[in-house]
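Enquirer: One file is attached below, model06.csv, containing CSV, N, CA, C and O atoms.
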```
chain,number,residue,atom,x,y,z
A,1294,MET,N,0.8,-1.2,0.0
A,1294,MET,CA,0.0,0.0,0.0
A,1294,MET,C,0.9,1.3,0.0
A,1294,MET,O,0.5,2.3,-0.6
A,1295,LYS,N,2.0,1.2,0.7
A,1295,LYS,CA,2.9,2.3,0.8
A,1295,LYS,C,3.5,2.6,-0.6
A,1295,LYS,O,3.7,3.8,-1.0
A,1296,ARG,N,3.8,1.6,-1.4
A,1296,ARG,CA,4.3,1.7,-2.7
A,1296,ARG,C,3.3,2.4,-3.6
A,1296,ARG,O,3.6,3.3,-4.4
A,1297,LEU,N,2.1,2.0,-3.5
A,1297,LEU,CA,1.0,2.6,-4.4
A,1297,LEU,C,0.8,4.1,-4.0
A,1297,LEU,O,0.7,4.9,-4.9
A,1298,LEU,N,0.9,4.4,-2.7
A,1298,LEU,CA,0.8,5.8,-2.3
A,1298,LEU,C,1.9,6.6,-2.8
A,1298,LEU,O,1.8,7.7,-3.3
A,1299,PHE,N,3.1,6.0,-2.7
A,1299,PHE,CA,4.3,6.7,-3.2
A,1299,PHE,C,4.2,6.9,-4.7
A,1299,PHE,O,4.6,8.0,-5.2
A,1300,VAL,N,3.8,5.9,-5.5
A,1300,VAL,CA,3.7,6.1,-6.9
A,1300,VAL,C,2.6,7.1,-7.3
A,1300,VAL,O,2.8,8.0,-8.2
A,1301,LEU,N,1.5,7.2,-6.6
A,1301,LEU,CA,0.5,8.2,-6.8
A,1301,LEU,C,1.0,9.6,-6.5
A,1301,LEU,O,0.8,10.5,-7.3
A,1302,ILE,N,1.7,9.7,-5.4
A,1302,ILE,CA,2.3,11.0,-5.1
A,1302,ILE,C,3.3,11.5,-6.1
A,1302,ILE,O,3.4,12.6,-6.6
A,1303,ALA,N,4.2,10.5,-6.6
A,1303,ALA,CA,5.2,10.8,-7.6
A,1303,ALA,C,4.5,11.2,-8.9
A,1303,ALA,O,4.9,12.2,-9.6
A,1304,LEU,N,3.5,10.5,-9.3
A,1304,LEU,CA,2.7,10.8,-10.5
A,1304,LEU,C,2.1,12.2,-10.4
A,1304,LEU,O,2.1,13.0,-11.3
A,1305,LEU,N,1.5,12.5,-9.2
A,1305,LEU,CA,0.9,13.8,-9.0
A,1305,LEU,C,2.0,14.9,-9.1
A,1305,LEU,O,1.7,16.0,-9.7
A,1306,ALA,N,3.1,14.7,-8.5
A,1306,ALA,CA,4.2,15.7,-8.6
A,1306,ALA,C,4.6,15.9,-10.0
A,1306,ALA,O,4.9,17.1,-10.4
A,1307,MET,N,4.8,14.9,-10.8
A,1307,MET,CA,5.2,15.0,-12.2
A,1307,MET,C,4.1,15.8,-13.0
A,1307,MET,O,4.5,16.7,-13.8
A,1308,LEU,N,2.9,15.5,-12.8
A,1308,LEU,CA,1.8,16.2,-13.5
A,1308,LEU,C,1.8,17.7,-13.1
A,1308,LEU,O,1.6,18.6,-13.9
A,1309,GLN,N,2.0,18.0,-11.8
A,1309,GLN,CA,2.0,19.4,-11.3
A,1309,GLN,C,3.2,20.1,-11.9
A,1309,GLN,O,3.1,21.3,-12.3
A,1310,TYR,N,4.3,19.4,-12.0
A,1310,TYR,CA,5.5,20.1,-12.6
A,1310,TYR,C,5.2,20.4,-14.1
A,1310,TYR,O,5.5,21.6,-14.5
A,1311,ARG,N,4.6,19.5,-14.8
A,1311,ARG,CA,4.3,19.8,-16.2
A,1311,ARG,C,3.3,20.9,-16.4
A,1311,ARG,O,3.4,21.7,-17.3
A,1312,LEU,N,2.4,20.9,-15.4
A,1312,LEU,CA,1.3,22.0,-15.5
A,1312,LEU,C,1.9,23.4,-15.2
A,1312,LEU,O,1.5,24.3,-15.9
A,1313,TRP,N,2.7,23.5,-14.3
A,1313,TRP,CA,3.2,24.8,-13.9
A,1313,TRP,C,4.5,25.2,-14.5
A,1313,TRP,O,4.7,26.4,-14.8
A,1314,LEU,N,5.4,24.3,-14.7
A,1314,LEU,CA,6.8,24.7,-15.2
A,1314,LEU,C,7.2,24.0,-16.5
A,1314,LEU,O,8.2,24.5,-17.1
A,1315,GLY,N,6.6,23.0,-16.9
A,1315,GLY,CA,7.1,22.2,-18.1
A,1315,GLY,C,6.7,22.9,-19.4
A,1315,GLY,O,6.2,24.0,-19.5
A,1316,ASP,N,7.0,22.1,-20.5
A,1316,ASP,CA,6.7,22.6,-21.8
A,1316,ASP,C,5.2,22.6,-22.0
A,1316,ASP,O,4.5,21.8,-21.5
A,1317,LYS,N,4.7,23.7,-22.6
A,1317,LYS,CA,3.2,23.9,-22.8
A,1317,LYS,C,2.5,24.0,-21.5
A,1317,LYS,O,1.4,23.5,-21.2
A,1318,SER,N,3.1,24.8,-20.5
A,1318,SER,CA,2.6,25.0,-19.2
A,1318,SER,C,1.5,26.1,-19.3
A,1318,SER,O,1.2,26.7,-20.3
A,1319,LEU,N,0.9,26.3,-18.1
A,1319,LEU,CA,-0.1,27.4,-18.0
A,1319,LEU,C,0.5,28.8,-18.3
A,1319,LEU,O,-0.1,29.6,-19.0
A,1320,ALA,N,1.7,29.0,-17.9
A,1320,ALA,CA,2.4,30.3,-18.2
A,1320,ALA,C,2.5,30.5,-19.7
A,1320,ALA,O,2.3,31.6,-20.2
A,1321,ASP,N,2.9,29.4,-20.4
A,1321,ASP,CA,3.1,29.5,-21.9
A,1321,ASP,C,1.7,29.8,-22.5
A,1321,ASP,O,1.6,30.5,-23.5
A,1322,SER,N,0.7,29.1,-22.0
A,1322,SER,CA,-0.7,29.3,-22.5
A,1322,SER,C,-1.1,30.8,-22.3
A,1322,SER,O,-1.7,31.4,-23.3
A,1323,PHE,N,-0.9,31.4,-21.2
A,1323,PHE,CA,-1.3,32.7,-20.9
A,1323,PHE,C,-0.5,33.7,-21.8
A,1323,PHE,O,-1.0,34.7,-22.3
A,1324,HIS,N,0.8,33.4,-22.0
A,1324,HIS,CA,1.6,34.2,-22.9
A,1324,HIS,C,1.1,34.1,-24.4
A,1324,HIS,O,1.0,35.2,-25.0
A,1325,LEU,N,0.8,33.0,-24.8
A,1325,LEU,CA,0.2,32.8,-26.2
A,1325,LEU,C,-1.1,33.5,-26.3
A,1325,LEU,O,-1.4,34.1,-27.3
A,1326,GLN,N,-2.0,33.5,-25.3
A,1326,GLN,CA,-3.2,34.2,-25.3
A,1326,GLN,C,-3.0,35.7,-25.5
A,1326,GLN,O,-3.7,36.4,-26.2
A,1327,GLU,N,-2.0,36.2,-24.8
A,1327,GLU,CA,-1.7,37.7,-24.9
A,1327,GLU,C,-1.2,38.0,-26.3
A,1327,GLU,O,-1.6,39.0,-26.9
A,1328,GLN,N,-0.4,37.2,-26.8
A,1328,GLN,CA,0.1,37.4,-28.2
A,1328,GLN,C,-1.0,37.3,-29.2
A,1328,GLN,O,-1.1,38.1,-30.2
A,1329,ILE,N,-2.0,36.5,-29.0
A,1329,ILE,CA,-3.2,36.4,-29.9
A,1329,ILE,C,-4.0,37.7,-29.8
A,1329,ILE,O,-4.4,38.2,-30.8
A,1330,LYS,N,-4.2,38.2,-28.6
A,1330,LYS,CA,-4.9,39.5,-28.5
A,1330,LYS,C,-4.2,40.6,-29.2
A,1330,LYS,O,-4.8,41.4,-29.9
A,1331,LEU,N,-2.9,40.7,-29.1
A,1331,LEU,CA,-2.1,41.7,-29.7
A,1331,LEU,C,-2.2,41.6,-31.2
A,1331,LEU,O,-2.4,42.6,-32.0
A,1332,GLN,N,-2.1,40.4,-31.7
A,1332,GLN,CA,-2.2,40.1,-33.2
A,1332,GLN,C,-3.6,40.4,-33.7
A,1332,GLN,O,-3.7,41.0,-34.8
A,1333,GLN,N,-4.6,40.1,-32.9
A,1333,GLN,CA,-6.0,40.4,-33.4
A,1333,GLN,C,-6.2,42.0,-33.4
A,1333,GLN,O,-6.8,42.5,-34.4
A,1334,GLN,N,-5.6,42.7,-32.5
A,1334,GLN,CA,-5.7,44.2,-32.5
A,1334,GLN,C,-5.0,44.7,-33.7
A,1334,GLN,O,-5.5,45.6,-34.4
A,1335,SER,N,-3.8,44.2,-34.0
A,1335,SER,CA,-3.1,44.6,-35.2
A,1335,SER,C,-3.8,44.3,-36.5
A,1335,SER,O,-3.9,45.1,-37.4
A,1336,ASN,N,-4.4,43.1,-36.5
A,1336,ASN,CA,-5.2,42.7,-37.7
A,1336,ASN,C,-6.4,43.6,-37.9
A,1336,ASN,O,-6.7,44.0,-39.0
A,1337,ALA,N,-7.0,44.0,-36.8
A,1337,ALA,CA,-8.2,44.9,-36.9
A,1337,ALA,C,-7.8,46.3,-37.4
A,1337,ALA,O,-8.5,46.9,-38.3
A,1338,GLN,N,-6.7,46.8,-37.0
A,1338,GLN,CA,-6.2,48.1,-37.5
A,1338,GLN,C,-5.9,48.0,-39.0
A,1338,GLN,O,-6.2,48.9,-39.8
A,1339,LEU,N,-5.3,46.9,-39.4
A,1339,LEU,CA,-4.9,46.7,-40.8
A,1339,LEU,C,-6.2,46.5,-41.7
A,1339,LEU,O,-6.2,47.0,-42.8
A,1340,VAL,N,-7.2,45.8,-41.1
A,1340,VAL,CA,-8.4,45.7,-41.9
A,1340,VAL,C,-9.1,47.1,-42.1
A,1340,VAL,O,-9.6,47.4,-43.2
A,1341,ALA,N,-9.1,47.9,-41.0
A,1341,ALA,CA,-9.7,49.2,-41.2
A,1341,ALA,C,-8.9,50.1,-42.2
A,1341,ALA,O,-9.5,50.8,-43.0
A,1342,ARG,N,-7.6,50.0,-42.1
A,1342,ARG,CA,-6.7,50.7,-43.1
A,1342,ARG,C,-7.0,50.2,-44.5
A,1342,ARG,O,-7.1,51.0,-45.5
A,1343,ASN,N,-7.1,48.9,-44.7
A,1343,ASN,CA,-7.4,48.4,-46.0
A,1343,ASN,C,-8.8,48.8,-46.5
A,1343,ASN,O,-9.0,49.1,-47.7
A,1344,GLN,N,-9.8,48.9,-45.6
A,1344,GLN,CA,-11.1,49.4,-46.0
A,1344,GLN,C,-11.0,50.8,-46.5
A,1344,GLN,O,-11.7,51.2,-47.5
A,1345,VAL,N,-10.3,51.7,-45.8
A,1345,VAL,CA,-10.1,53.1,-46.3
A,1345,VAL,C,-9.5,53.1,-47.6
A,1345,VAL,O,-9.9,53.9,-48.5
A,1346,LEU,N,-8.5,52.3,-47.8
A,1346,LEU,CA,-7.8,52.3,-49.1
A,1346,LEU,C,-8.7,51.8,-50.2
A,1346,LEU,O,-8.7,52.3,-51.3
A,1347,ARG,N,-9.5,50.7,-49.9
A,1347,ARG,CA,-10.5,50.2,-50.9
A,1347,ARG,C,-11.5,51.3,-51.3
A,1347,ARG,O,-11.8,51.5,-52.5
A,1348,GLU,N,-12.0,52.0,-50.3
A,1348,GLU,CA,-12.9,53.1,-50.6
A,1348,GLU,C,-12.3,54.2,-51.4
A,1348,GLU,O,-12.9,54.7,-52.4
A,1349,GLU,N,-11.0,54.5,-51.2
A,1349,GLU,CA,-10.3,55.5,-51.9
A,1349,GLU,C,-10.1,55.1,-53.4
A,1349,GLU,O,-10.3,55.8,-54.3
A,1350,ILE,N,-9.8,53.8,-53.5
A,1350,ILE,CA,-9.6,53.3,-54.9
A,1350,ILE,C,-10.9,53.3,-55.6
A,1350,ILE,O,-10.9,53.7,-56.8
A,1351,SER,N,-12.0,52.9,-55.0
A,1351,SER,CA,-13.3,52.9,-55.6
A,1351,SER,C,-13.7,54.3,-56.0
A,1351,SER,O,-14.2,54.5,-57.1
A,1352,ASP,N,-13.4,55.3,-55.1
A,1352,ASP,CA,-13.7,56.7,-55.4
A,1352,ASP,C,-12.9,57.2,-56.6
A,1352,ASP,O,-13.4,57.9,-57.5
A,1353,LEU,N,-11.7,56.8,-56.6
A,1353,LEU,CA,-10.8,57.3,-57.8
A,1353,LEU,C,-11.2,56.6,-59.1
A,1353,LEU,O,-11.2,57.3,-60.1
A,1354,ARG,N,-11.7,55.4,-59.0
A,1354,ARG,CA,-12.1,54.7,-60.3
A,1354,ARG,C,-13.4,55.2,-60.8
A,1354,ARG,O,-13.7,55.3,-62.0
A,1355,SER,N,-14.4,55.6,-59.9
A,1355,SER,CA,-15.7,55.9,-60.3
A,1355,SER,C,-15.9,57.4,-60.6
A,1355,SER,O,-16.7,57.7,-61.5
A,1356,GLY,N,-15.3,58.2,-59.9
A,1356,GLY,CA,-15.6,59.7,-60.1
A,1356,GLY,C,-14.3,60.5,-60.5
A,1356,GLY,O,-13.2,60.1,-60.2
A,1357,THR,N,-14.6,61.6,-61.2
A,1357,THR,CA,-13.5,62.4,-61.5
A,1357,THR,C,-13.2,63.5,-60.5
A,1357,THR,O,-12.1,64.1,-60.5
A,1358,GLU,N,-14.2,63.7,-59.6
A,1358,GLU,CA,-13.9,64.7,-58.5
A,1358,GLU,C,-12.8,64.4,-57.6
A,1358,GLU,O,-11.9,65.2,-57.3
A,1359,ALA,N,-12.7,63.1,-57.2
A,1359,ALA,CA,-11.7,62.7,-56.3
A,1359,ALA,C,-10.3,62.7,-57.0
A,1359,ALA,O,-9.3,63.1,-56.4
A,1360,LEU,N,-10.3,62.3,-58.3
A,1360,LEU,CA,-9.1,62.4,-59.0
A,1360,LEU,C,-8.6,63.8,-59.2
A,1360,LEU,O,-7.4,64.1,-59.1
A,1361,GLU,N,-9.5,64.7,-59.5
A,1361,GLU,CA,-9.2,66.1,-59.7
A,1361,GLU,C,-8.7,66.7,-58.4
A,1361,GLU,O,-7.7,67.4,-58.3
A,1362,GLU,N,-9.3,66.4,-57.3
A,1362,GLU,CA,-8.9,66.9,-55.9
A,1362,GLU,C,-7.5,66.4,-55.6
A,1362,GLU,O,-6.6,67.1,-55.2
A,1363,ARG,N,-7.2,65.1,-55.9
A,1363,ARG,CA,-5.9,64.6,-55.6
A,1363,ARG,C,-4.8,65.2,-56.5
A,1363,ARG,O,-3.7,65.5,-56.1
A,1364,ALA,N,-5.2,65.5,-57.8
A,1364,ALA,CA,-4.2,66.1,-58.7
A,1364,ALA,C,-3.9,67.6,-58.2
A,1364,ALA,O,-2.8,68.0,-58.3
A,1365,ARG,N,-4.9,68.2,-57.7
A,1365,ARG,CA,-4.7,69.6,-57.3
A,1365,ARG,C,-3.9,69.6,-56.0
A,1365,ARG,O,-2.9,70.4,-55.9
A,1366,ASN,N,-4.2,68.8,-55.0
A,1366,ASN,CA,-3.5,68.8,-53.8
A,1366,ASN,C,-2.1,68.2,-53.8
A,1366,ASN,O,-1.2,68.8,-53.3
A,1367,GLU,N,-1.9,67.1,-54.5
A,1367,GLU,CA,-0.6,66.4,-54.5
A,1367,GLU,C,0.3,66.9,-55.6
A,1367,GLU,O,1.5,66.9,-55.4
A,1368,LEU,N,-0.3,67.2,-56.7
A,1368,LEU,CA,0.6,67.6,-57.9
A,1368,LEU,C,0.6,69.1,-58.2
A,1368,LEU,O,1.3,69.6,-59.0
A,1369,GLY,N,-0.3,69.8,-57.5
A,1369,GLY,CA,-0.4,71.3,-57.8
A,1369,GLY,C,-0.9,71.7,-59.1
A,1369,GLY,O,-0.6,72.7,-59.7
A,1370,MET,N,-1.8,70.8,-59.7
A,1370,MET,CA,-2.3,71.1,-61.0
A,1370,MET,C,-3.4,72.1,-61.0
A,1370,MET,O,-4.1,72.3,-60.0
A,1371,VAL,N,-3.6,72.8,-62.1
A,1371,VAL,CA,-4.6,73.9,-62.2
A,1371,VAL,C,-5.4,73.7,-63.4
A,1371,VAL,O,-4.8,73.3,-64.5
A,1372,LYS,N,-6.7,73.9,-63.3
A,1372,LYS,CA,-7.5,73.8,-64.5
A,1372,LYS,C,-7.2,74.9,-65.5
A,1372,LYS,O,-6.7,76.0,-65.2
A,1373,GLU,N,-7.6,74.6,-66.8
A,1373,GLU,CA,-7.4,75.6,-67.8
A,1373,GLU,C,-8.3,76.8,-67.5
A,1373,GLU,O,-9.5,76.6,-67.2
A,1374,GLY,N,-7.8,78.0,-67.6
A,1374,GLY,CA,-8.5,79.2,-67.4
A,1374,GLY,C,-8.5,79.7,-65.9
A,1374,GLY,O,-9.0,80.7,-65.6
A,1375,GLU,N,-7.9,78.9,-65.0
A,1375,GLU,CA,-7.8,79.3,-63.6
A,1375,GLU,C,-6.4,80.0,-63.4
A,1375,GLU,O,-5.5,79.8,-64.2
A,1376,THR,N,-6.4,80.8,-62.4
A,1376,THR,CA,-5.1,81.5,-62.1
A,1376,THR,C,-4.7,80.9,-60.7
A,1376,THR,O,-5.5,80.9,-59.8
A,1377,PHE,N,-3.4,80.6,-60.6
A,1377,PHE,CA,-2.9,80.0,-59.4
A,1377,PHE,C,-2.2,81.1,-58.6
A,1377,PHE,O,-1.4,81.8,-59.1
A,1378,PHE,N,-2.6,81.2,-57.4
A,1378,PHE,CA,-1.9,82.2,-56.5
A,1378,PHE,C,-1.3,81.4,-55.3
A,1378,PHE,O,-2.0,80.6,-54.7
A,1379,ARG,N,-0.1,81.7,-55.0
A,1379,ARG,CA,0.6,81.1,-53.9
A,1379,ARG,C,0.7,82.2,-52.8
A,1379,ARG,O,1.4,83.3,-53.1
A,1380,VAL,N,0.2,82.0,-51.7
A,1380,VAL,CA,0.3,83.0,-50.6
A,1380,VAL,C,1.4,82.5,-49.7
A,1380,VAL,O,1.3,81.5,-49.1
A,1381,VAL,N,2.4,83.4,-49.5
A,1381,VAL,CA,3.5,83.0,-48.7
A,1381,VAL,C,3.4,84.0,-47.5
A,1381,VAL,O,3.4,85.2,-47.6
A,1382,GLY,N,3.2,83.4,-46.3
A,1382,GLY,CA,3.1,84.2,-45.1
A,1382,GLY,C,4.1,83.9,-44.1
A,1382,GLY,O,4.7,82.8,-44.1
A,1383,GLY,N,4.4,84.8,-43.3
A,1383,GLY,CA,5.4,84.6,-42.2
A,1383,GLY,C,4.6,84.2,-41.0
A,1383,GLY,O,3.5,83.7,-41.0
A,1384,GLU,N,5.2,84.4,-39.8
A,1384,GLU,CA,4.6,84.0,-38.6
A,1384,GLU,C,3.5,85.0,-38.3
A,1384,GLU,O,3.5,86.1,-38.8
A,1385,ARG,N,2.6,84.6,-37.4
A,1385,ARG,CA,1.6,85.6,-37.0
A,1385,ARG,C,2.2,86.7,-36.3
A,1385,ARG,O,3.1,86.5,-35.6
A,1386,GLY,N,1.7,87.9,-36.6
A,1386,GLY,CA,2.3,89.1,-35.9
A,1386,GLY,C,3.3,89.8,-36.8
A,1386,GLY,O,3.8,90.9,-36.5
A,1387,ASP,N,3.6,89.2,-38.0
A,1387,ASP,CA,4.5,89.9,-38.9
A,1387,ASP,C,3.8,90.9,-39.8
A,1387,ASP,O,4.4,91.7,-40.5
A,1388,THR,N,2.4,90.9,-39.8
A,1388,THR,CA,1.7,91.9,-40.6
A,1388,THR,C,1.8,93.3,-40.0
A,1388,THR,O,1.7,93.4,-38.7
A,1389,PRO,N,1.8,94.3,-40.8
A,1389,PRO,CA,1.9,95.6,-40.2
A,1389,PRO,C,0.6,96.0,-39.6
A,1389,PRO,O,-0.5,95.6,-40.1
A,1390,ASP,N,0.6,96.8,-38.6
A,1390,ASP,CA,-0.6,97.3,-37.9
A,1390,ASP,C,-1.1,98.5,-38.7
A,1390,ASP,O,-0.4,99.3,-39.3
A,1391,ASN,N,-2.5,98.6,-38.8
A,1391,ASN,CA,-3.1,99.7,-39.4
A,1391,ASN,C,-3.4,100.9,-38.5
A,1391,ASN,O,-3.7,100.9,-37.5
```
Since I need it in another form, could you write the structure as structure tokens?
Expert:
Amino acid sequence: MKRLLFVLIALLAMLQYRLWLGDKSLADSFHLQEQIKLQQQSNAQLVARNQVLREEISDLRSGTEALEERARNELGMVKEGETFFRVVGGERGDTPDN
């Protein structure tokens, strides 16, 4: 009977060791769960960014207004018959007082 009790205690000790300290332990499981959460957050941000890009692509393909706006803002293009004025200003307070 003592041998059986000793074997059971040894078995319990081995299982407890694997549970808390061994390979694929609870600590590893918690660490992996945290990594999964972080990856899911990152994926959600990327999905949102991709959706914005898809909408922008769709807008550029379907309408000329978005294309025109982009050409004006990024390339500095001007329509025929328009006059382009560049206003160069200094810091606030540089204007003369009246």
Enquirer: State, in Å with one decimal place, the distance from atom N of Ser1355 of chain A to atom CA of Glu1373 of chain A.
Expert: 22.6 Å
Enquirer: Which residues in chain A does DSSP call helix (DSSP H, G or I)? List them as a PyMOL selection string.
Expert: chain A and resi 1295-1313+1319-1355+1357-1368
Enquirer: One number please: atom O of Leu1353 of chain A to atom N of Asn1336 of chain A, in Å, one decimal.
Expert: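 Atom O of Leu1353 of chain A sits 28.4 Å away from atom N of Asn1336 of chain A.
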Enquirer: Could you rebuild segment 1330-1340 of chain A with all heavy atoms and give it back as a PDB file, keeping the file's coordinate frame?
Expert:
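The result, stored in selection38.pdb:
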```pdb
ATOM      1  N   LYS A1330      -4.200  38.200 -28.600  1.00  0.00           N
ATOM      2  CA  LYS A1330      -4.900  39.500 -28.500  1.00  0.00           C
ATOM      3  C   LYS A1330      -4.200  40.600 -29.200  1.00  0.00           C
ATOM      4  O   LYS A1330      -4.800  41.400 -29.900  1.00  0.00           O
ATOM      5  CB  LYS A1330      -5.020  39.838 -26.994  1.00  0.00           C
ATOM      6  CG  LYS A1330      -6.072  39.093 -26.243  1.00  0.00           C
ATOM      7  CD  LYS A1330      -6.143  39.629 -24.809  1.00  0.00           C
ATOM      8  CE  LYS A1330      -6.995  38.762 -23.944  1.00  0.00           C
ATOM      9  NZ  LYS A1330      -6.983  39.225 -22.538  1.00  0.00           N
ATOM     10  N   LEU A1331      -2.900  40.700 -29.100  1.00  0.00           N
ATOM     11  CA  LEU A1331      -2.100  41.700 -29.700  1.00  0.00           C
ATOM     12  C   LEU A1331      -2.200  41.600 -31.200  1.00  0.00           C
ATOM     13  O   LEU A1331      -2.400  42.600 -32.000  1.00  0.00           O
ATOM     14  CB  LEU A1331      -0.654  41.715 -29.272  1.00  0.00           C
ATOM     15  CG  LEU A1331      -0.402  42.131 -27.834  1.00  0.00           C
ATOM     16  CD1 LEU A1331       1.068  41.926 -27.469  1.00  0.00           C
ATOM     17  CD2 LEU A1331      -0.814  43.572 -27.601  1.00  0.00           C
ATOM     18  N   GLN A1332      -2.100  40.400 -31.700  1.00  0.00           N
ATOM     19  CA  GLN A1332      -2.200  40.100 -33.200  1.00  0.00           C
ATOM     20  C   GLN A1332      -3.600  40.400 -33.700  1.00  0.00           C
ATOM     21  O   GLN A1332      -3.700  41.000 -34.800  1.00  0.00           O
ATOM     22  CB  GLN A1332      -1.816  38.670 -33.495  1.00  0.00           C
ATOM     23  CG  GLN A1332      -1.665  38.390 -34.960  1.00  0.00           C
ATOM     24  CD  GLN A1332      -0.530  39.177 -35.582  1.00  0.00           C
ATOM     25  OE1 GLN A1332       0.576  39.215 -35.061  1.00  0.00           O
ATOM     26  NE2 GLN A1332      -0.800  39.830 -36.693  1.00  0.00           N
ATOM     27  N   GLN A1333      -4.600  40.100 -32.900  1.00  0.00           N
ATOM     28  CA  GLN A1333      -6.000  40.400 -33.400  1.00  0.00           C
ATOM     29  C   GLN A1333      -6.200  42.000 -33.400  1.00  0.00           C
ATOM     30  O   GLN A1333      -6.800  42.500 -34.400  1.00  0.00           O
ATOM     31  CB  GLN A1333      -6.998  39.813 -32.429  1.00  0.00           C
ATOM     32  CG  GLN A1333      -7.120  38.322 -32.621  1.00  0.00           C
ATOM     33  CD  GLN A1333      -8.026  37.668 -31.591  1.00  0.00           C
ATOM     34  OE1 GLN A1333      -8.250  38.207 -30.501  1.00  0.00           O
ATOM     35  NE2 GLN A1333      -8.530  36.485 -31.918  1.00  0.00           N
ATOM     36  N   GLN A1334      -5.600  42.700 -32.500  1.00  0.00           N
ATOM     37  CA  GLN A1334      -5.700  44.200 -32.500  1.00  0.00           C
ATOM     38  C   GLN A1334      -5.000  44.700 -33.700  1.00  0.00           C
ATOM     39  O   GLN A1334      -5.500  45.600 -34.400  1.00  0.00           O
ATOM     40  CB  GLN A1334      -5.143  44.769 -31.255  1.00  0.00           C
ATOM     41  CG  GLN A1334      -5.974  44.522 -30.029  1.00  0.00           C
ATOM     42  CD  GLN A1334      -5.290  44.991 -28.752  1.00  0.00           C
ATOM     43  OE1 GLN A1334      -4.112  45.341 -28.752  1.00  0.00           O
ATOM     44  NE2 GLN A1334      -6.036  44.978 -27.659  1.00  0.00           N
ATOM     45  N   SER A1335      -3.800  44.200 -34.000  1.00  0.00           N
ATOM     46  CA  SER A1335      -3.100  44.600 -35.200  1.00  0.00           C
ATOM     47  C   SER A1335      -3.800  44.300 -36.500  1.00  0.00           C
ATOM     48  O   SER A1335      -3.900  45.100 -37.400  1.00  0.00           O
ATOM     49  CB  SER A1335      -1.689  43.923 -35.193  1.00  0.00           C
ATOM     50  OG  SER A1335      -0.980  44.235 -36.362  1.00  0.00           O
ATOM     51  N   ASN A1336      -4.400  43.100 -36.500  1.00  0.00           N
ATOM     52  CA  ASN A1336      -5.200  42.700 -37.700  1.00  0.00           C
ATOM     53  C   ASN A1336      -6.400  43.600 -37.900  1.00  0.00           C
ATOM     54  O   ASN A1336      -6.700  44.000 -39.000  1.00  0.00           O
ATOM     55  CB  ASN A1336      -5.644  41.282 -37.600  1.00  0.00           C
ATOM     56  CG  ASN A1336      -4.508  40.308 -37.765  1.00  0.00           C
ATOM     57  OD1 ASN A1336      -3.405  40.668 -38.152  1.00  0.00           O
ATOM     58  ND2 ASN A1336      -4.771  39.056 -37.452  1.00  0.00           N
ATOM     59  N   ALA A1337      -7.000  44.000 -36.800  1.00  0.00           N
ATOM     60  CA  ALA A1337      -8.200  44.900 -36.900  1.00  0.00           C
ATOM     61  C   ALA A1337      -7.800  46.300 -37.400  1.00  0.00           C
ATOM     62  O   ALA A1337      -8.500  46.900 -38.300  1.00  0.00           O
ATOM     63  CB  ALA A1337      -8.872  45.052 -35.525  1.00  0.00           C
ATOM     64  N   GLN A1338      -6.700  46.800 -37.000  1.00  0.00           N
ATOM     65  CA  GLN A1338      -6.200  48.100 -37.500  1.00  0.00           C
ATOM     66  C   GLN A1338      -5.900  48.000 -39.000  1.00  0.00           C
ATOM     67  O   GLN A1338      -6.200  48.900 -39.800  1.00  0.00           O
ATOM     68  CB  GLN A1338      -4.931  48.513 -36.753  1.00  0.00           C
ATOM     69  CG  GLN A1338      -5.218  48.928 -35.328  1.00  0.00           C
ATOM     70  CD  GLN A1338      -3.946  49.206 -34.551  1.00  0.00           C
ATOM     71  OE1 GLN A1338      -2.843  48.831 -34.959  1.00  0.00           O
ATOM     72  NE2 GLN A1338      -4.098  49.864 -33.407  1.00  0.00           N
ATOM     73  N   LEU A1339      -5.300  46.900 -39.400  1.00  0.00           N
ATOM     74  CA  LEU A1339      -4.900  46.700 -40.800  1.00  0.00           C
ATOM     75  C   LEU A1339      -6.200  46.500 -41.700  1.00  0.00           C
ATOM     76  O   LEU A1339      -6.200  47.000 -42.800  1.00  0.00           O
ATOM     77  CB  LEU A1339      -3.994  45.491 -40.990  1.00  0.00           C
ATOM     78  CG  LEU A1339      -2.583  45.686 -40.430  1.00  0.00           C
ATOM     79  CD1 LEU A1339      -1.798  44.380 -40.515  1.00  0.00           C
ATOM     80  CD2 LEU A1339      -1.857  46.800 -41.148  1.00  0.00           C
ATOM     81  N   VAL A1340      -7.200  45.800 -41.100  1.00  0.00           N
ATOM     82  CA  VAL A1340      -8.400  45.700 -41.900  1.00  0.00           C
ATOM     83  C   VAL A1340      -9.100  47.100 -42.100  1.00  0.00           C
ATOM     84  O   VAL A1340      -9.600  47.400 -43.200  1.00  0.00           O
ATOM     85  CB  VAL A1340      -9.393  44.711 -41.132  1.00  0.00           C
ATOM     86  CG1 VAL A1340     -10.808  44.805 -41.653  1.00  0.00           C
ATOM     87  CG2 VAL A1340      -8.876  43.290 -41.261  1.00  0.00           C
TER      88      VAL A1340
END
```
